[in-house]
Amino acid sequence: MGRAIVETTEKIKIDNDIAPDVEDRGASTIRLVQYSFFSKQFFKRHGADLAACSISWFLLDVVFYIITLFQSWIYKSWLKHPQDETAFDEAFNLAKFQAIYAIIAALIPGYIAAIMTINRVGRRKIQMVGFLLMAIVLLCMVIWYPTIDSNNKHHTYKISIIYLVMYGLVLFFANLGPNTTTFVLPAELFPARFRTTCHGIAGAAGKIGAIIGSVVLLRSSKMTHKLDKYQDLPAEAMKHILIGLTLVCFVGTVHTYFFTPKSTVGTPLEEHED
């Protein structure tokens with residue numbers, strides 16, 4: 001009996017010496033991370049994935065936030081403005097139109113499509129296709145802009161519908177692709193010990209992109225066209241911004257193809273615990 005206890009004790013000691021970073025929990029074995037976030041080992045193993053997630057989120061938010069700022073300009077042909085309308089009434093009517101449009105045409109349908117396809121197609125593919133289709137639709141908006149601008153004498157009700165549909169498609173493809181995958185990938189690629197930190201860093205990179213898109217790009221456009229800060233952007237400035245957003249989406253497509261991990265579909269999270 002005593003000999004059996006000694007042999008068992010020695011076996012446990014040997015196993016611990018061989019695999020100190022492994023914990024057995026029932027049927028599954030979980031690797032315990034033995035290095036810190038600021039270590040060379042972390043950046044060697046996960047630095048490229050963290051950079052890929054952060055850059056993708058950055059590029060998405062440059063486009064997504066500045067497109068959101070254009071909503072009142074997109075919707076103005078569809079909203080009536082009585083002479084006695086207050087600022088509150090105008091804001092309420094715009095918000096109501098946006099909510100209806102989001103539910104029926106763009107945002108929510110995009111998320112539903114992402115839920116239905118993300119596991120079958122893969123995160124990398126739908127992110128890449130989402131960026132690419134956003135770029136194509138934005139390019140169409142640039143090409144047709146002179147005939148779609150509501151201040152242009154050639155503007156018609158039919159054309160305004162087409163433009164509203166294209167704007168909806170940009171939001172739809174964003175939510176089908178990068179606006180979903182930029183949240184999903186950081187939650188799957190990193191060990192549990194660093195997962196929230198890496199997700200936060202990627203999200204912060206996105207908000208930097210939002211700041212650049214919302215402030216720097218708009219202010220630089222106004223400075224280029226020598227406008228007062230309270231004046232609306234002229235048609236030419238709007239067109240230049242749309243061109244810039246198209247290029248950002250193309251960069252997002254190329255970046256996703258070359259740097260985003262190929263697939264996490266069907267991979268247990270435990271496999272990333274190293």
# chains A, B, ... in the order shown; residues from 1 in each chain; ligands from 1
call {"tool": "select_by_dssp", "arguments": {"residues": "stretch 34-206 of chain A", "states": "alpha helix (DSSP H)", "output": "PDB file with C-alpha atoms, in the first residue's frame"}}
result
ATOM      1  CA  LYS A  40       7.414  39.018 -26.249  1.00  0.00           C
ATOM      2  CA  GLN A  41       5.669  35.662 -26.250  1.00  0.00           C
ATOM      3  CA  PHE A  42       2.216  37.297 -26.446  1.00  0.00           C
ATOM      4  CA  PHE A  43       3.159  39.539 -29.365  1.00  0.00           C
ATOM      5  CA  LYS A  44       4.866  36.648 -31.119  1.00  0.00           C
ATOM      6  CA  ARG A  45       1.775  34.443 -30.829  1.00  0.00           C
ATOM      7  CA  HIS A  46      -1.069  36.968 -31.006  1.00  0.00           C
ATOM      8  CA  GLY A  47       0.359  40.325 -32.077  1.00  0.00           C
ATOM      9  CA  ALA A  48      -0.475  39.863 -35.765  1.00  0.00           C
ATOM     10  CA  ASP A  49      -4.081  38.870 -34.988  1.00  0.00           C
ATOM     11  CA  LEU A  50      -4.497  41.841 -32.644  1.00  0.00           C
ATOM     12  CA  ALA A  51      -3.181  44.229 -35.312  1.00  0.00           C
ATOM     13  CA  ALA A  52      -5.458  42.679 -37.954  1.00  0.00           C
ATOM     14  CA  CYS A  53      -8.556  43.016 -35.760  1.00  0.00           C
ATOM     15  CA  SER A  54      -7.673  46.591 -34.771  1.00  0.00           C
ATOM     16  CA  ILE A  55      -7.013  47.775 -38.329  1.00  0.00           C
ATOM     17  CA  SER A  56     -10.230  46.186 -39.621  1.00  0.00           C
ATOM     18  CA  TRP A  57     -12.260  47.887 -36.899  1.00  0.00           C
ATOM     19  CA  PHE A  58     -10.461  51.181 -37.553  1.00  0.00           C
ATOM     20  CA  LEU A  59     -11.248  51.090 -41.282  1.00  0.00           C
ATOM     21  CA  LEU A  60     -14.874  50.108 -40.703  1.00  0.00           C
ATOM     22  CA  ASP A  61     -15.574  52.928 -38.265  1.00  0.00           C
ATOM     23  CA  VAL A  62     -14.007  55.546 -40.534  1.00  0.00           C
ATOM     24  CA  VAL A  63     -16.702  54.643 -43.063  1.00  0.00           C
ATOM     25  CA  PHE A  64     -19.576  53.709 -40.778  1.00  0.00           C
ATOM     26  CA  TYR A  65     -19.574  56.811 -38.595  1.00  0.00           C
ATOM     27  CA  ILE A  66     -19.172  59.332 -41.382  1.00  0.00           C
ATOM     28  CA  ILE A  67     -21.921  57.622 -43.377  1.00  0.00           C
ATOM     29  CA  THR A  68     -24.128  57.897 -40.289  1.00  0.00           C
ATOM     30  CA  LEU A  69     -23.481  61.644 -40.196  1.00  0.00           C
ATOM     31  CA  GLN A  71     -28.247  60.479 -42.765  1.00  0.00           C
ATOM     32  CA  SER A  72     -30.038  63.811 -42.565  1.00  0.00           C
ATOM     33  CA  TRP A  73     -28.705  64.695 -46.012  1.00  0.00           C
ATOM     34  CA  ILE A  74     -29.840  61.336 -47.407  1.00  0.00           C
ATOM     35  CA  TYR A  75     -33.309  61.573 -45.895  1.00  0.00           C
ATOM     36  CA  ALA A  87     -35.783  71.841 -33.936  1.00  0.00           C
ATOM     37  CA  PHE A  88     -37.251  69.167 -31.657  1.00  0.00           C
ATOM     38  CA  ASP A  89     -39.890  68.229 -34.246  1.00  0.00           C
ATOM     39  CA  GLU A  90     -37.259  68.016 -36.979  1.00  0.00           C
ATOM     40  CA  ALA A  91     -35.003  65.794 -34.843  1.00  0.00           C
ATOM     41  CA  PHE A  92     -37.937  63.573 -33.816  1.00  0.00           C
ATOM     42  CA  ASN A  93     -39.179  63.111 -37.394  1.00  0.00           C
ATOM     43  CA  LEU A  94     -35.665  62.283 -38.591  1.00  0.00           C
ATOM     44  CA  ALA A  95     -35.139  59.768 -35.779  1.00  0.00           C
ATOM     45  CA  LYS A  96     -38.508  58.138 -36.505  1.00  0.00           C
ATOM     46  CA  PHE A  97     -37.679  57.797 -40.195  1.00  0.00           C
ATOM     47  CA  GLN A  98     -34.248  56.375 -39.361  1.00  0.00           C
ATOM     48  CA  ALA A  99     -35.741  53.789 -36.979  1.00  0.00           C
ATOM     49  CA  ILE A 100     -38.285  52.596 -39.547  1.00  0.00           C
ATOM     50  CA  TYR A 101     -35.647  52.481 -42.266  1.00  0.00           C
ATOM     51  CA  ALA A 102     -33.220  50.555 -40.042  1.00  0.00           C
ATOM     52  CA  ILE A 103     -35.797  47.941 -39.069  1.00  0.00           C
ATOM     53  CA  ILE A 104     -37.223  47.385 -42.538  1.00  0.00           C
ATOM     54  CA  LEU A 107     -29.432  47.474 -40.175  1.00  0.00           C
ATOM     55  CA  ILE A 108     -31.516  44.687 -38.660  1.00  0.00           C
ATOM     56  CA  PRO A 109     -31.821  42.692 -41.930  1.00  0.00           C
ATOM     57  CA  GLY A 110     -28.022  42.907 -42.224  1.00  0.00           C
ATOM     58  CA  TYR A 111     -27.548  41.418 -38.762  1.00  0.00           C
ATOM     59  CA  ILE A 112     -30.063  38.659 -39.492  1.00  0.00           C
ATOM     60  CA  ALA A 113     -28.221  37.790 -42.713  1.00  0.00           C
ATOM     61  CA  ALA A 114     -24.938  37.711 -40.778  1.00  0.00           C
ATOM     62  CA  ILE A 115     -26.376  35.304 -38.205  1.00  0.00           C
ATOM     63  CA  MET A 116     -27.559  32.997 -40.992  1.00  0.00           C
ATOM     64  CA  THR A 117     -24.272  32.988 -42.939  1.00  0.00           C
ATOM     65  CA  ILE A 118     -21.401  33.584 -40.522  1.00  0.00           C
ATOM     66  CA  ASN A 119     -20.839  29.928 -39.620  1.00  0.00           C
ATOM     67  CA  ARG A 120     -21.412  28.585 -43.127  1.00  0.00           C
ATOM     68  CA  VAL A 121     -19.356  31.151 -45.038  1.00  0.00           C
ATOM     69  CA  ARG A 123     -15.799  35.256 -40.629  1.00  0.00           C
ATOM     70  CA  ARG A 124     -12.981  36.222 -42.985  1.00  0.00           C
ATOM     71  CA  LYS A 125     -15.032  35.739 -46.159  1.00  0.00           C
ATOM     72  CA  ILE A 126     -18.083  37.724 -45.080  1.00  0.00           C
ATOM     73  CA  GLN A 127     -15.868  40.529 -43.770  1.00  0.00           C
ATOM     74  CA  MET A 128     -14.003  40.685 -47.073  1.00  0.00           C
ATOM     75  CA  VAL A 129     -17.195  40.511 -49.161  1.00  0.00           C
ATOM     76  CA  GLY A 130     -18.863  43.084 -46.920  1.00  0.00           C
ATOM     77  CA  PHE A 131     -16.039  45.611 -47.411  1.00  0.00           C
ATOM     78  CA  LEU A 132     -15.976  44.930 -51.157  1.00  0.00           C
ATOM     79  CA  LEU A 133     -19.735  45.358 -51.666  1.00  0.00           C
ATOM     80  CA  MET A 134     -19.709  48.531 -49.550  1.00  0.00           C
ATOM     81  CA  ALA A 135     -16.957  49.890 -51.819  1.00  0.00           C
ATOM     82  CA  ILE A 136     -18.927  49.010 -54.970  1.00  0.00           C
ATOM     83  CA  VAL A 137     -22.122  50.674 -53.724  1.00  0.00           C
ATOM     84  CA  LEU A 138     -20.234  53.794 -52.578  1.00  0.00           C
ATOM     85  CA  LEU A 139     -18.553  53.952 -55.993  1.00  0.00           C
ATOM     86  CA  CYS A 140     -21.996  53.871 -57.622  1.00  0.00           C
ATOM     87  CA  MET A 141     -23.042  56.741 -55.355  1.00  0.00           C
ATOM     88  CA  VAL A 142     -19.999  58.705 -56.531  1.00  0.00           C
ATOM     89  CA  ILE A 143     -20.691  58.017 -60.219  1.00  0.00           C
ATOM     90  CA  TRP A 144     -24.370  58.926 -60.011  1.00  0.00           C
ATOM     91  CA  TYR A 145     -23.956  61.791 -57.566  1.00  0.00           C
ATOM     92  CA  PRO A 146     -24.346  64.689 -60.055  1.00  0.00           C
ATOM     93  CA  THR A 147     -27.783  63.384 -61.095  1.00  0.00           C
ATOM     94  CA  ILE A 148     -28.854  62.408 -57.564  1.00  0.00           C
ATOM     95  CA  TYR A 157     -38.347  61.336 -57.114  1.00  0.00           C
ATOM     96  CA  LYS A 158     -37.367  58.079 -58.837  1.00  0.00           C
ATOM     97  CA  ILE A 159     -33.651  58.836 -58.551  1.00  0.00           C
ATOM     98  CA  SER A 160     -34.029  59.735 -54.864  1.00  0.00           C
ATOM     99  CA  ILE A 161     -35.492  56.267 -54.274  1.00  0.00           C
ATOM    100  CA  ILE A 162     -32.479  54.680 -55.997  1.00  0.00           C
ATOM    101  CA  TYR A 163     -30.114  56.710 -53.836  1.00  0.00           C
ATOM    102  CA  LEU A 164     -31.996  55.789 -50.671  1.00  0.00           C
ATOM    103  CA  VAL A 165     -31.724  52.106 -51.649  1.00  0.00           C
ATOM    104  CA  MET A 166     -27.975  52.429 -52.258  1.00  0.00           C
ATOM    105  CA  TYR A 167     -27.505  54.056 -48.870  1.00  0.00           C
ATOM    106  CA  GLY A 168     -29.456  51.180 -47.313  1.00  0.00           C
ATOM    107  CA  LEU A 169     -27.254  48.672 -49.111  1.00  0.00           C
ATOM    108  CA  VAL A 170     -24.126  50.253 -47.632  1.00  0.00           C
ATOM    109  CA  LEU A 171     -25.561  49.792 -44.134  1.00  0.00           C
ATOM    110  CA  PHE A 172     -26.811  46.283 -44.978  1.00  0.00           C
ATOM    111  CA  PHE A 173     -23.438  45.071 -46.256  1.00  0.00           C
ATOM    112  CA  ALA A 174     -21.677  46.719 -43.314  1.00  0.00           C
ATOM    113  CA  ASN A 175     -23.794  44.769 -40.841  1.00  0.00           C
ATOM    114  CA  LEU A 176     -23.629  41.590 -42.893  1.00  0.00           C
ATOM    115  CA  PRO A 178     -17.342  43.928 -40.994  1.00  0.00           C
ATOM    116  CA  ASN A 179     -19.740  45.508 -38.499  1.00  0.00           C
ATOM    117  CA  THR A 180     -20.434  41.981 -37.222  1.00  0.00           C
ATOM    118  CA  THR A 181     -17.087  40.261 -37.703  1.00  0.00           C
ATOM    119  CA  THR A 182     -15.073  43.026 -36.038  1.00  0.00           C
ATOM    120  CA  PHE A 183     -16.956  42.182 -32.835  1.00  0.00           C
ATOM    121  CA  VAL A 184     -16.815  38.398 -33.278  1.00  0.00           C
ATOM    122  CA  LEU A 185     -13.177  37.805 -34.237  1.00  0.00           C
ATOM    123  CA  PRO A 186     -11.504  39.439 -31.187  1.00  0.00           C
ATOM    124  CA  ALA A 187     -13.773  37.332 -28.966  1.00  0.00           C
ATOM    125  CA  GLU A 188     -12.557  34.109 -30.589  1.00  0.00           C
ATOM    126  CA  LEU A 189      -8.890  34.565 -31.453  1.00  0.00           C
ATOM    127  CA  ALA A 192      -9.434  33.898 -22.187  1.00  0.00           C
ATOM    128  CA  ARG A 193      -6.937  35.735 -19.994  1.00  0.00           C
ATOM    129  CA  PHE A 194      -6.395  38.416 -22.667  1.00  0.00           C
ATOM    130  CA  ARG A 195      -9.705  38.246 -24.533  1.00  0.00           C
ATOM    131  CA  THR A 196     -11.427  41.315 -23.093  1.00  0.00           C
ATOM    132  CA  THR A 197      -8.208  43.352 -23.228  1.00  0.00           C
ATOM    133  CA  CYS A 198      -7.658  42.546 -26.904  1.00  0.00           C
ATOM    134  CA  HIS A 199     -11.321  43.173 -27.687  1.00  0.00           C
ATOM    135  CA  GLY A 200     -11.086  46.554 -25.954  1.00  0.00           C
ATOM    136  CA  ILE A 201      -7.932  47.514 -27.864  1.00  0.00           C
ATOM    137  CA  ALA A 202      -9.549  46.604 -31.191  1.00  0.00           C
ATOM    138  CA  GLY A 203     -12.676  48.553 -30.250  1.00  0.00           C
ATOM    139  CA  ALA A 204     -10.585  51.568 -29.238  1.00  0.00           C
ATOM    140  CA  ALA A 205      -8.870  51.468 -32.636  1.00  0.00           C
ATOM    141  CA  GLY A 206     -12.325  51.598 -34.185  1.00  0.00           C
TER     142      GLY A 206
END
call {"tool": "closest_residue", "arguments": {"among": "A:Phe259, A:Ser214, A:Arg219, A:Gly122", "to": "A:Leu245", "atoms": "only C-alpha atoms"}}
result
A:Ser214
call {"tool": "atom_distance", "arguments": {"atom1": "atom CA of A:Val216", "atom2": "atom CA of A:Ile241"}}
result
11.4 Å
call {"tool": "atom_distance", "arguments": {"atom1": "atom CA of A:Phe258", "atom2": "atom CA of A:Phe190"}}
result
19.2 Å
call {"tool": "atom_distance", "arguments": {"atom1": "atom CA of A:Thr256", "atom2": "atom CA of A:Ala210"}}
result
19.0 Å
